Amino acid sequence: MPLAARLLACLDVTDGRVVKGTRFVDLVDAGDPVELAARYAADGADEIVILDISATREGRPAMIDLIGRAAAALDVPLSVGGGVAGYDDAARLLDAGADKVSINTAALRDPSLIERIAERLGSQSVIVAIDAARAGDGWIVHGTSGTQATGRDARSWAAEAVERGAGEVLLTSIDRDGTRAGYDLELTRAVADAVRVPVIASGGAGSAADVADAFMRGGASAALLASILHLGLITIPRLKAELAAWGVAVRPPAGPITPQQVAAWLG
Amino acid sequence: MIGVIDFGSGNTRSVLRGLTAVGASATLVRTPDDLPRHSRLVLPGVGAAGSAVRALRDRGLWDAVIDAAAGGVPMLGICLGAQLMLAGSDEDDADGMALLAGRCRAFPAAAGGGPRIVPHVGWNAVELAGGHRADAYFVHGYWLDPADASTVVGWTEVDGFRFPSLLRAGGLTATQFHPEKSGRFGRALLGAFAAGLLDAARPAVAARQPEPSWT
């Protein structure tokens with residue numbers, strides 16, 4: 001297996017509770033993000049993304065506790081985004097157990113925030129999230145949860161963010177988000193060609209074919225999956241099987257393995 | 001008791017959690033005085049080599065960790081921690097602990113045979129001896145280039161570029177990947193280290209032959 005195309009399961013959380021529905025009917029508490037995250041990880045999700053969509057900052061303290069519990073329950077990477085306003089927010093989330101934080105509006109307001117986080121906590125911990133909508137021949141970046149056009153071009157902002165130290169780019173098509181009409185492949189390809197770091201495609205996945213396209217045609221390194229999973233349109237094992245059939249390298253399920261076996265393999 | 005060297009690196013707590021999850025007792029090592037209480041050490045690390053070396057020196061841990069590992073305390077280096085075990089790094093032209101001969105190098109440009117995307121982020125296979133393979137999670141922009149090829153027990157390939165991803169020499173184990181984020185394989189590796197299964201010097205192949213019997 002070469003480097004695997006990554007599938008990221010994304011949970012929207014407000015005040016410490018999962019907002020969108022879930023197909024897992026046997027969870028003790030379907031609203032508990034930790035239980036749901038662990039379930040997706042056991043199902044084969046390559047990473048977990050928790051997005052804080054709390055409308056007010058009052059909901060934020062619950063996130064720190066939540067991230068700590070989620071990190072303890074997971075053996076795959078955990079990213080956190082939503083409302084990260086500055087260096088202190090990022091550092092607190094990473095300290096609580098997140099492996100990466102994604103920053104969006106705060107980075108648009110003050111691009112040097114990317115450098116401050118990258119220099120002190122490492123580029124691997126900084127994902128710059130870009131919400132972009134088509135405008136003429138290009139795509140314009142929007143801030144404040146996609147509501148305010150900035151006038152910045154998505155490709156040049158991505159390149160600047162990486163130059164400043166972003167380790168990955170989470171790219172959401174505003175036009176496709178929630179439509180299940182497929183990722184904006186032209187946008188994905190344009191940004192993937194503009195940077196050398198991994199691009200995570202987001203917004204519009206409705207089928208396994210859409211996800212395969214993000215990797216094969218869009219040049220994405222990872223795909224963010226939300227409603228397609230939550231609504232039960234497809235499962236991660238099924239999605240991986242279909243991707244593999246199309247020739248996309250995926251991480252296969254790992255069987256049980258003991259410390260004694262690993263020690264023997266390490267000679 | 002396992003000591004996890006704490007020099008402010010972001011994955012320190014994740015490593016501690018991973019060790020706890022496999023039933024090991026582990027604590028953070030923040031000062032040289034904390035070191036002697038530990039029978040095994042983990043050197044974690046994410047971020048840039050230069051600032052990691054500075055942080056370790058500022059806390060007085062640099063020489064103390066070298067002395068402990070060179071004195072035979074088994075040590076697991078993870079990602080940047082693994083890179084620091086070599087003699088130096090292209091990143092920030094940083095010093096290394098020189099516990100293993102060799103250097104940490106930057107990936108070549110894509111046009112020169114290097115990976116298309118850098119850093120190398122995500123799940124990739126570690127090819128182990130005996131045809132075994134295991135998937136592990138990587139995040140790194142530099143690669144381990146040990147001088148002694150016999151220390152390499154795991155290899156990984158990205159876009160045709162092959163690099164050592166797991167080293168062993170004596171009681172030293174160095175993983176370019178993050179076992180604390182690498183699912184069942186990673187947990188089993190942490191469990192093996194915690195149980196002392198990686199303490200012994202790696203025996204040469206010849207030493208595994210049964211002794212001839214003269215009876």
# chains A, B, ... in the order shown; residues from 1 in each chain; ligands from 1
>>> interface_residues(of="chain A", to="chain B", cutoff="7 Å", atoms="only C-alpha atoms", output="CSV table (one decimal) with N, CA and C atoms, in the first residue's frame")
chain,number,residue,atom,x,y,z
A,1,MET,N,0.8,-1.2,0.0
A,1,MET,CA,0.0,0.0,0.0
A,1,MET,C,0.9,1.2,0.0
A,2,PRO,N,0.7,2.1,-1.0
A,2,PRO,CA,1.4,3.4,-0.9
A,2,PRO,C,0.6,4.3,0.1
A,3,LEU,N,1.0,5.6,0.3
A,3,LEU,CA,0.3,6.5,1.2
A,3,LEU,C,-1.2,6.4,0.9
A,4,ALA,N,-2.0,6.1,1.9
A,4,ALA,CA,-3.4,5.9,1.7
A,4,ALA,C,-4.1,7.2,1.5
A,6,ARG,N,-7.0,9.4,2.6
A,6,ARG,CA,-7.5,9.5,4.0
A,6,ARG,C,-9.0,9.8,3.9
A,72,ALA,N,-8.6,10.6,24.5
A,72,ALA,CA,-8.3,9.4,25.3
A,72,ALA,C,-8.9,8.1,24.7
A,75,ASP,N,-7.4,6.1,18.9
A,75,ASP,CA,-6.0,5.7,18.5
A,75,ASP,C,-5.7,6.1,17.1
A,76,VAL,N,-6.5,7.1,16.6
A,76,VAL,CA,-6.2,7.8,15.3
A,76,VAL,C,-6.2,9.3,15.5
A,77,PRO,N,-5.6,10.0,14.6
A,77,PRO,CA,-5.5,11.5,14.8
A,77,PRO,C,-6.8,12.2,15.0
A,94,LEU,N,-4.8,21.9,21.5
A,94,LEU,CA,-3.8,21.0,21.3
A,94,LEU,C,-3.3,20.4,22.6
A,95,ASP,N,-3.3,21.2,23.7
A,95,ASP,CA,-2.9,20.7,25.0
A,95,ASP,C,-3.9,19.7,25.5
A,97,GLY,N,-5.5,17.6,23.8
A,97,GLY,CA,-5.4,16.3,23.2
A,97,GLY,C,-5.6,16.3,21.7
A,121,LEU,N,4.2,25.5,17.8
A,121,LEU,CA,3.6,24.1,18.0
A,121,LEU,C,3.8,23.2,16.8
A,122,GLY,N,4.4,23.7,15.7
A,122,GLY,CA,4.7,22.9,14.6
A,122,GLY,C,3.7,23.0,13.5
A,123,SER,N,4.1,23.0,12.2
A,123,SER,CA,3.2,23.1,11.1
A,123,SER,C,2.2,22.0,11.0
A,124,GLN,N,2.7,20.8,11.5
A,124,GLN,CA,1.8,19.6,11.5
A,124,GLN,C,0.5,19.8,12.3
A,196,ARG,N,2.1,22.4,-2.0
A,196,ARG,CA,2.7,21.1,-2.0
A,196,ARG,C,2.3,20.3,-0.8
A,197,VAL,N,1.5,20.9,0.1
A,197,VAL,CA,1.0,20.2,1.3
A,197,VAL,C,-0.3,19.5,1.0
A,198,PRO,N,-0.8,18.5,1.8
A,198,PRO,CA,-2.0,17.8,1.5
A,198,PRO,C,-3.2,18.8,1.5
A,251,ARG,N,-6.4,2.6,3.5
A,251,ARG,CA,-5.9,1.8,4.6
A,251,ARG,C,-6.8,0.7,4.9
A,254,ALA,N,-7.3,-3.2,10.1
A,254,ALA,CA,-6.2,-3.9,10.8
A,254,ALA,C,-6.8,-5.0,11.7
A,256,PRO,N,-6.4,-8.1,14.7
A,256,PRO,CA,-5.8,-8.1,16.0
A,256,PRO,C,-4.3,-8.3,16.0
A,257,ILE,N,-3.6,-7.7,16.8
A,257,ILE,CA,-2.1,-7.9,16.8
A,257,ILE,C,-1.7,-7.7,18.3
A,258,THR,N,-0.7,-8.5,18.7
A,258,THR,CA,-0.3,-8.5,20.1
A,258,THR,C,1.1,-7.9,20.1
A,259,PRO,N,1.5,-7.4,21.3
A,259,PRO,CA,2.8,-6.9,21.5
A,259,PRO,C,3.9,-7.9,21.2
A,260,GLN,N,3.6,-9.2,21.5
A,260,GLN,CA,4.6,-10.3,21.3
A,260,GLN,C,4.8,-10.4,19.7
A,262,VAL,N,4.4,-8.0,17.5
A,262,VAL,CA,5.2,-6.8,17.0
A,262,VAL,C,6.7,-7.0,17.4
A,263,ALA,N,6.9,-7.4,18.6
A,263,ALA,CA,8.3,-7.6,19.0
A,263,ALA,C,9.0,-8.6,18.1
A,265,TRP,N,8.3,-9.3,15.0
A,265,TRP,CA,8.5,-8.6,13.7
A,265,TRP,C,9.6,-7.6,13.7
A,266,LEU,N,9.8,-7.0,14.8
A,266,LEU,CA,10.9,-6.1,14.9
A,266,LEU,C,12.3,-6.7,15.2
A,267,GLY,N,12.2,-8.1,15.2
A,267,GLY,CA,13.5,-8.8,15.3
A,267,GLY,C,14.3,-8.5,16.6
>>> select_by_dssp(residues="chain B", states="strand (DSSP E or B)", output="count of residues only")
66
>>> residues_around(residues="range 208-216 of chain A", least_positions_apart="3", cutoff="6 Å", atoms="only C-alpha atoms", output="NGL selection string")
:A and (182 or 205 or 219-220 or 239 or 243)
>>> write_last_selection(atoms="all heavy atoms", output="PDB file, in the first residue's frame")
ATOM      1  N   GLY A 182     -21.503  16.159  -5.254  1.00  0.00           N
ATOM      2  CA  GLY A 182     -20.096  15.912  -5.573  1.00  0.00           C
ATOM      3  C   GLY A 182     -19.239  17.106  -5.189  1.00  0.00           C
ATOM      4  O   GLY A 182     -19.725  18.239  -5.118  1.00  0.00           O
ATOM      5  N   ALA A 205     -19.946  15.677  -0.927  1.00  0.00           N
ATOM      6  CA  ALA A 205     -19.876  14.233  -1.160  1.00  0.00           C
ATOM      7  C   ALA A 205     -21.264  13.602  -1.048  1.00  0.00           C
ATOM      8  O   ALA A 205     -21.950  13.771  -0.046  1.00  0.00           O
ATOM      9  CB  ALA A 205     -18.938  13.581  -0.148  1.00  0.00           C
ATOM     10  N   GLY A 219      -7.106  15.581  -7.063  1.00  0.00           N
ATOM     11  CA  GLY A 219      -5.761  15.644  -6.498  1.00  0.00           C
ATOM     12  C   GLY A 219      -5.753  15.808  -4.991  1.00  0.00           C
ATOM     13  O   GLY A 219      -4.728  16.174  -4.402  1.00  0.00           O
ATOM     14  N   ALA A 220      -6.890  15.542  -4.324  1.00  0.00           N
ATOM     15  CA  ALA A 220      -6.947  15.667  -2.873  1.00  0.00           C
ATOM     16  C   ALA A 220      -6.179  14.532  -2.212  1.00  0.00           C
ATOM     17  O   ALA A 220      -6.052  13.441  -2.772  1.00  0.00           O
ATOM     18  CB  ALA A 220      -8.403  15.650  -2.400  1.00  0.00           C
ATOM     19  N   LEU A 239     -17.311   2.218   1.619  1.00  0.00           N
ATOM     20  CA  LEU A 239     -16.656   3.271   0.848  1.00  0.00           C
ATOM     21  C   LEU A 239     -15.218   2.873   0.523  1.00  0.00           C
ATOM     22  O   LEU A 239     -14.758   3.021  -0.617  1.00  0.00           O
ATOM     23  CB  LEU A 239     -16.694   4.571   1.659  1.00  0.00           C
ATOM     24  CG  LEU A 239     -16.075   5.834   1.062  1.00  0.00           C
ATOM     25  CD1 LEU A 239     -16.568   6.089  -0.350  1.00  0.00           C
ATOM     26  CD2 LEU A 239     -16.368   7.025   1.958  1.00  0.00           C
ATOM     27  N   LEU A 243     -13.591   2.386  -3.164  1.00  0.00           N
ATOM     28  CA  LEU A 243     -12.401   3.150  -3.565  1.00  0.00           C
ATOM     29  C   LEU A 243     -11.298   2.201  -4.027  1.00  0.00           C
ATOM     30  O   LEU A 243     -10.647   2.435  -5.050  1.00  0.00           O
ATOM     31  CB  LEU A 243     -11.908   4.014  -2.394  1.00  0.00           C
ATOM     32  CG  LEU A 243     -12.794   5.207  -2.004  1.00  0.00           C
ATOM     33  CD1 LEU A 243     -12.285   5.846  -0.715  1.00  0.00           C
ATOM     34  CD2 LEU A 243     -12.851   6.234  -3.116  1.00  0.00           C
TER      35      LEU A 243
END
>>> select_by_dssp(residues="range 25-219 of chain A", states="alpha helix (DSSP H)", output="ChimeraX atom specification")
/A:33-43,61-73,87-96,105-109,112-121,154-163,185-194,208-216
>>> closest_residue(among="B:Ser39, B:Ser150, B:Ser25, B:Thr31", to="Leu76 in chain B", atoms="only C-alpha atoms")
B:Ser39
>>> closest_residue(among="B:Ala147, B:Cys104, B:Ala64, B:Val73", to="Glu91 in chain B", atoms="only C-alpha atoms")
B:Cys104
>>> residues_around(residues="range 30-45 of chain A", least_positions_apart="6", cutoff="9 Å", atoms="only C-alpha atoms", output="compact mmCIF listing (two decimals) with all heavy atoms, in the first residue's frame")
# COMPACT_ATOMS: atom_id res chain seq x y z
N ARG A 6 -6.95 9.44 2.61
CA ARG A 6 -7.53 9.47 3.95
C ARG A 6 -9.00 9.85 3.94
O ARG A 6 -9.40 10.76 3.22
CB ARG A 6 -6.79 10.50 4.82
CG ARG A 6 -5.43 10.06 5.31
CD ARG A 6 -4.76 11.17 6.10
NE ARG A 6 -4.27 12.23 5.22
CZ ARG A 6 -4.13 13.49 5.58
NH1 ARG A 6 -4.49 13.88 6.79
NH2 ARG A 6 -3.65 14.38 4.73
N LEU A 7 -9.77 9.15 4.76
CA LEU A 7 -11.18 9.49 4.95
C LEU A 7 -11.34 10.07 6.35
O LEU A 7 -11.03 9.40 7.35
CB LEU A 7 -12.05 8.24 4.79
CG LEU A 7 -11.93 7.55 3.43
CD1 LEU A 7 -12.85 6.32 3.38
CD2 LEU A 7 -12.28 8.51 2.29
N LEU A 8 -11.81 11.31 6.42
CA LEU A 8 -11.96 12.02 7.69
C LEU A 8 -13.44 12.09 8.05
O LEU A 8 -14.23 12.65 7.29
CB LEU A 8 -11.39 13.44 7.59
CG LEU A 8 -9.88 13.63 7.72
CD1 LEU A 8 -9.08 12.69 6.84
CD2 LEU A 8 -9.49 15.08 7.46
N ALA A 9 -13.81 11.51 9.19
CA ALA A 9 -15.20 11.60 9.65
C ALA A 9 -15.35 12.87 10.48
O ALA A 9 -14.61 13.08 11.44
CB ALA A 9 -15.55 10.38 10.49
N CYS A 10 -16.28 13.73 10.07
CA CYS A 10 -16.44 15.04 10.70
C CYS A 10 -17.73 15.12 11.51
O CYS A 10 -18.81 14.84 10.99
CB CYS A 10 -16.44 16.13 9.63
SG CYS A 10 -16.66 17.79 10.31
N LEU A 11 -17.59 15.48 12.79
CA LEU A 11 -18.74 15.62 13.68
C LEU A 11 -18.97 17.09 13.98
O LEU A 11 -18.05 17.78 14.41
CB LEU A 11 -18.50 14.88 15.00
CG LEU A 11 -17.99 13.45 14.93
CD1 LEU A 11 -17.81 12.89 16.33
CD2 LEU A 11 -18.96 12.60 14.13
N ASP A 12 -20.19 17.58 13.77
CA ASP A 12 -20.54 18.94 14.16
C ASP A 12 -21.05 18.91 15.59
O ASP A 12 -21.97 18.14 15.91
CB ASP A 12 -21.63 19.51 13.24
CG ASP A 12 -21.08 19.86 11.87
OD1 ASP A 12 -19.85 19.86 11.72
OD2 ASP A 12 -21.89 20.13 10.96
N VAL A 13 -20.45 19.74 16.42
CA VAL A 13 -20.76 19.70 17.84
C VAL A 13 -21.14 21.10 18.33
O VAL A 13 -20.51 22.09 17.92
CB VAL A 13 -19.53 19.19 18.63
CG1 VAL A 13 -19.70 19.41 20.12
CG2 VAL A 13 -19.27 17.72 18.33
N GLY A 16 -20.91 20.79 23.31
CA GLY A 16 -20.43 19.46 23.68
C GLY A 16 -21.29 18.31 23.19
O GLY A 16 -21.05 17.16 23.55
N ARG A 17 -22.29 18.60 22.34
CA ARG A 17 -23.18 17.54 21.86
C ARG A 17 -23.17 17.49 20.34
O ARG A 17 -23.05 18.52 19.67
CB ARG A 17 -24.62 17.80 22.33
CG ARG A 17 -24.76 17.99 23.82
CD ARG A 17 -24.75 16.70 24.58
NE ARG A 17 -25.89 15.85 24.23
CZ ARG A 17 -26.02 14.59 24.61
NH1 ARG A 17 -25.06 14.02 25.33
NH2 ARG A 17 -27.08 13.88 24.28
N VAL A 18 -23.31 16.29 19.77
CA VAL A 18 -23.37 16.14 18.32
C VAL A 18 -24.69 16.72 17.81
O VAL A 18 -25.75 16.49 18.40
CB VAL A 18 -23.28 14.66 17.91
CG1 VAL A 18 -23.48 14.51 16.41
CG2 VAL A 18 -21.94 14.09 18.32
N VAL A 19 -24.59 17.50 16.74
CA VAL A 19 -25.77 18.18 16.23
C VAL A 19 -26.54 17.31 15.24
O VAL A 19 -27.74 17.13 15.35
CB VAL A 19 -25.37 19.50 15.53
CG1 VAL A 19 -26.59 20.16 14.94
CG2 VAL A 19 -24.69 20.42 16.54
N LYS A 20 -25.81 16.78 14.27
CA LYS A 20 -26.51 16.03 13.21
C LYS A 20 -26.79 14.60 13.65
O LYS A 20 -26.13 14.05 14.51
CB LYS A 20 -25.68 16.05 11.93
CG LYS A 20 -25.71 17.42 11.28
CD LYS A 20 -24.80 17.46 10.06
CE LYS A 20 -24.74 18.87 9.50
NZ LYS A 20 -23.60 19.07 8.60
N GLY A 21 -27.74 13.99 13.01
CA GLY A 21 -28.14 12.63 13.35
C GLY A 21 -27.08 11.62 12.98
O GLY A 21 -26.10 11.92 12.33
N THR A 22 -27.29 10.42 13.42
CA THR A 22 -26.32 9.37 13.13
C THR A 22 -27.04 8.08 12.80
O THR A 22 -28.13 7.82 13.29
CB THR A 22 -25.38 9.13 14.32
OG1 THR A 22 -24.66 7.93 14.10
CG2 THR A 22 -26.17 9.02 15.61
N PHE A 24 -25.89 5.14 13.59
CA PHE A 24 -25.65 4.10 14.58
C PHE A 24 -26.81 4.07 15.58
O PHE A 24 -26.90 4.93 16.45
CB PHE A 24 -24.33 4.33 15.33
CG PHE A 24 -23.12 4.24 14.44
CD1 PHE A 24 -22.29 5.32 14.28
CD2 PHE A 24 -22.83 3.07 13.77
CE1 PHE A 24 -21.17 5.24 13.46
CE2 PHE A 24 -21.71 2.97 12.95
CZ PHE A 24 -20.88 4.06 12.80
N LEU A 66 -14.40 17.88 26.25
CA LEU A 66 -14.77 16.92 25.21
C LEU A 66 -13.54 16.43 24.44
O LEU A 66 -13.40 15.23 24.19
CB LEU A 66 -15.76 17.60 24.25
CG LEU A 66 -16.05 16.88 22.94
CD1 LEU A 66 -16.69 15.54 23.21
CD2 LEU A 66 -16.95 17.73 22.06
N ILE A 67 -12.64 17.36 24.08
CA ILE A 67 -11.46 16.98 23.29
C ILE A 67 -10.56 16.04 24.11
O ILE A 67 -10.02 15.07 23.59
CB ILE A 67 -10.68 18.24 22.84
CG1 ILE A 67 -11.53 19.09 21.90
CG2 ILE A 67 -9.36 17.86 22.16
CD1 ILE A 67 -12.15 18.33 20.75
N ARG A 69 -11.52 13.92 26.41
CA ARG A 69 -12.14 12.59 26.46
C ARG A 69 -12.06 11.89 25.11
O ARG A 69 -11.82 10.69 25.03
CB ARG A 69 -13.60 12.72 26.91
CG ARG A 69 -13.74 13.10 28.41
CD ARG A 69 -15.18 12.98 28.88
NE ARG A 69 -16.06 13.88 28.18
CZ ARG A 69 -17.13 13.49 27.47
NH1 ARG A 69 -17.43 12.22 27.37
NH2 ARG A 69 -17.88 14.38 26.86
N ALA A 70 -12.24 12.66 24.03
CA ALA A 70 -12.17 12.05 22.69
C ALA A 70 -10.76 11.55 22.42
O ALA A 70 -10.58 10.43 21.92
CB ALA A 70 -12.61 13.07 21.63
N ALA A 71 -9.76 12.35 22.78
CA ALA A 71 -8.36 11.95 22.53
C ALA A 71 -8.04 10.67 23.28
O ALA A 71 -7.33 9.80 22.77
CB ALA A 71 -7.41 13.07 22.94
N ALA A 73 -10.03 8.31 23.99
CA ALA A 73 -10.78 7.18 23.46
C ALA A 73 -10.31 6.77 22.05
O ALA A 73 -10.71 5.73 21.55
CB ALA A 73 -12.27 7.52 23.41
N LEU A 74 -9.47 7.61 21.41
CA LEU A 74 -9.12 7.38 20.01
C LEU A 74 -7.67 6.92 19.84
O LEU A 74 -6.80 7.34 20.60
CB LEU A 74 -9.30 8.67 19.20
CG LEU A 74 -10.74 9.17 19.05
CD1 LEU A 74 -10.74 10.55 18.39
CD2 LEU A 74 -11.56 8.20 18.21
N ASP A 75 -7.42 6.07 18.86
CA ASP A 75 -6.05 5.72 18.51
C ASP A 75 -5.75 6.13 17.06
O ASP A 75 -4.89 5.55 16.42
CB ASP A 75 -5.76 4.24 18.76
CG ASP A 75 -6.70 3.32 18.00
OD1 ASP A 75 -7.48 3.82 17.18
OD2 ASP A 75 -6.65 2.10 18.22
N VAL A 76 -6.49 7.13 16.59
CA VAL A 76 -6.21 7.77 15.29
C VAL A 76 -6.17 9.27 15.54
O VAL A 76 -6.64 9.74 16.59
CB VAL A 76 -7.29 7.41 14.24
CG1 VAL A 76 -7.35 5.92 13.99
CG2 VAL A 76 -8.66 7.97 14.63
N THR A 235 -21.29 3.43 4.37
CA THR A 235 -20.45 3.19 5.55
C THR A 235 -18.98 3.31 5.14
O THR A 235 -18.66 3.21 3.95
CB THR A 235 -20.68 1.78 6.12
OG1 THR A 235 -20.24 0.84 5.13
CG2 THR A 235 -22.14 1.55 6.46
N ILE A 236 -18.12 3.51 6.11
CA ILE A 236 -16.69 3.64 5.79
C ILE A 236 -16.14 2.33 5.19
O ILE A 236 -15.42 2.39 4.18
CB ILE A 236 -15.89 4.11 7.01
CG1 ILE A 236 -16.31 5.54 7.36
CG2 ILE A 236 -14.39 4.05 6.75
CD1 ILE A 236 -15.82 6.04 8.69
N PRO A 237 -16.46 1.16 5.73
CA PRO A 237 -15.93 -0.07 5.10
C PRO A 237 -16.38 -0.23 3.65
O PRO A 237 -15.59 -0.60 2.78
CB PRO A 237 -16.50 -1.19 5.99
CG PRO A 237 -16.74 -0.54 7.32
CD PRO A 237 -17.14 0.87 7.01
N LYS A 240 -14.51 2.32 1.51
CA LYS A 240 -13.13 1.90 1.25
C LYS A 240 -13.06 0.78 0.23
O LYS A 240 -12.16 0.74 -0.61
CB LYS A 240 -12.45 1.49 2.56
CG LYS A 240 -12.07 2.69 3.43
CD LYS A 240 -11.08 2.30 4.53
CE LYS A 240 -10.56 3.55 5.22
NZ LYS A 240 -9.60 3.23 6.31
N ARG A 251 -6.43 2.59 3.52
CA ARG A 251 -5.88 1.81 4.64
C ARG A 251 -6.84 0.66 4.92
O ARG A 251 -8.00 0.89 5.24
CB ARG A 251 -5.75 2.70 5.88
CG ARG A 251 -5.32 1.95 7.12
CD ARG A 251 -5.09 2.91 8.27
NE ARG A 251 -6.32 3.55 8.72
CZ ARG A 251 -6.95 3.29 9.87
NH1 ARG A 251 -6.47 2.38 10.69
NH2 ARG A 251 -8.04 3.94 10.18
N PRO A 252 -6.37 -0.57 4.78
CA PRO A 252 -7.26 -1.71 5.03
C PRO A 252 -7.51 -1.86 6.53
O PRO A 252 -6.76 -1.33 7.33
CB PRO A 252 -6.46 -2.89 4.48
CG PRO A 252 -5.04 -2.48 4.55
CD PRO A 252 -5.00 -0.99 4.41
N PRO A 253 -8.57 -2.56 6.91
CA PRO A 253 -8.81 -2.79 8.32
C PRO A 253 -7.64 -3.57 8.92
O PRO A 253 -7.10 -4.46 8.26
CB PRO A 253 -10.09 -3.64 8.36
CG PRO A 253 -10.62 -3.65 6.97
CD PRO A 253 -9.52 -3.25 6.04
N ALA A 254 -7.26 -3.21 10.15
CA ALA A 254 -6.17 -3.93 10.82
C ALA A 254 -6.76 -5.05 11.66
O ALA A 254 -7.74 -4.85 12.36
CB ALA A 254 -5.38 -2.96 11.70
N GLY B 183 -3.44 3.17 15.50
CA GLY B 183 -4.39 2.08 15.66
C GLY B 183 -3.81 0.89 16.41
O GLY B 183 -3.02 1.04 17.34
>>> residues_around(residues="range 137-153 of chain A", least_positions_apart="3", cutoff="10 Å", atoms="only C-alpha atoms", output="ChimeraX atom specification")
/A:53,82-83,104-109,129-134,156-158,172-174,186-187,190-191
>>> write_last_selection(atoms="N, CA and C atoms", output="compact mmCIF listing (two decimals), in the first residue's frame")
# COMPACT_ATOMS: atom_id res chain seq x y z
N ILE A 53 -19.54 24.15 16.34
CA ILE A 53 -20.39 25.14 15.66
C ILE A 53 -21.24 25.92 16.67
N GLY A 82 -13.40 25.30 14.33
CA GLY A 82 -14.59 26.08 14.68
C GLY A 82 -14.30 27.07 15.77
N GLY A 83 -14.29 28.33 15.43
CA GLY A 83 -14.17 29.38 16.43
C GLY A 83 -12.81 29.53 17.07
N ASN A 104 -9.68 29.46 10.45
CA ASN A 104 -10.30 29.96 9.24
C ASN A 104 -10.38 31.48 9.29
N THR A 105 -11.47 32.00 9.89
CA THR A 105 -11.69 33.44 9.90
C THR A 105 -10.57 34.18 10.62
N ALA A 106 -10.08 33.61 11.72
CA ALA A 106 -9.02 34.28 12.48
C ALA A 106 -7.76 34.44 11.64
N ALA A 107 -7.48 33.45 10.77
CA ALA A 107 -6.30 33.53 9.92
C ALA A 107 -6.50 34.57 8.81
N LEU A 108 -7.75 34.72 8.37
CA LEU A 108 -8.02 35.74 7.34
C LEU A 108 -7.84 37.14 7.94
N ARG A 109 -8.27 37.29 9.20
CA ARG A 109 -8.15 38.60 9.86
C ARG A 109 -6.69 38.92 10.14
N ALA A 129 -8.31 26.28 7.13
CA ALA A 129 -9.57 25.95 6.48
C ALA A 129 -9.97 27.10 5.57
N ILE A 130 -10.30 26.76 4.34
CA ILE A 130 -10.67 27.77 3.36
C ILE A 130 -12.07 27.44 2.82
N ASP A 131 -13.00 28.38 3.01
CA ASP A 131 -14.34 28.25 2.43
C ASP A 131 -14.35 29.10 1.17
N ALA A 132 -14.61 28.47 0.02
CA ALA A 132 -14.50 29.21 -1.24
C ALA A 132 -15.74 29.02 -2.10
N ALA A 133 -16.12 30.08 -2.79
CA ALA A 133 -17.26 30.04 -3.72
C ALA A 133 -16.80 30.51 -5.09
N ARG A 134 -17.34 29.89 -6.11
CA ARG A 134 -16.95 30.24 -7.47
C ARG A 134 -17.34 31.68 -7.78
N SER A 156 -4.45 31.76 -4.28
CA SER A 156 -3.35 32.55 -3.74
C SER A 156 -3.38 32.57 -2.22
N TRP A 157 -4.59 32.50 -1.63
CA TRP A 157 -4.66 32.45 -0.16
C TRP A 157 -4.11 31.11 0.34
N ALA A 158 -4.42 30.03 -0.36
CA ALA A 158 -3.88 28.72 0.03
C ALA A 158 -2.35 28.74 -0.02
N THR A 172 -13.24 23.80 1.51
CA THR A 172 -14.68 23.56 1.40
C THR A 172 -15.28 24.40 0.28
N SER A 173 -16.01 23.74 -0.60
CA SER A 173 -16.76 24.46 -1.64
C SER A 173 -18.10 24.90 -1.05
N ILE A 174 -18.27 26.21 -0.93
CA ILE A 174 -19.54 26.74 -0.42
C ILE A 174 -20.69 26.35 -1.37
N GLU A 186 -12.87 21.06 -9.83
CA GLU A 186 -11.98 22.08 -10.42
C GLU A 186 -11.32 22.90 -9.33
N LEU A 187 -12.11 23.26 -8.32
CA LEU A 187 -11.56 24.02 -7.19
C LEU A 187 -10.49 23.19 -6.47
N ALA A 190 -7.39 22.95 -8.57
CA ALA A 190 -6.68 24.23 -8.66
C ALA A 190 -5.87 24.49 -7.40
N VAL A 191 -6.45 24.22 -6.24
CA VAL A 191 -5.74 24.48 -4.99
C VAL A 191 -4.65 23.43 -4.76
>>> residues_around(residues="Ala118 in chain A", least_positions_apart="4", cutoff="12 Å", atoms="only C-alpha atoms", output="VMD selection string")
(chain A and resid 87 90 to 91 100 to 103 111 to 114 122 to 128 161 to 168) or (chain B and resid 10 46 to 48 51)
>>> residues_around(residues="Val4 in chain B", least_positions_apart="4", cutoff="8 Å", atoms="only C-alpha atoms", output="list in words")
Thr12, Val15, Leu16, Ala26, Thr27, Leu28, Val29, Leu41, Val42, Leu43 and Pro44 of chain B
>>> atom_distance(atom1="CA of Leu185 in chain A", atom2="CA of Gly218 in chain A")
4.8 Å
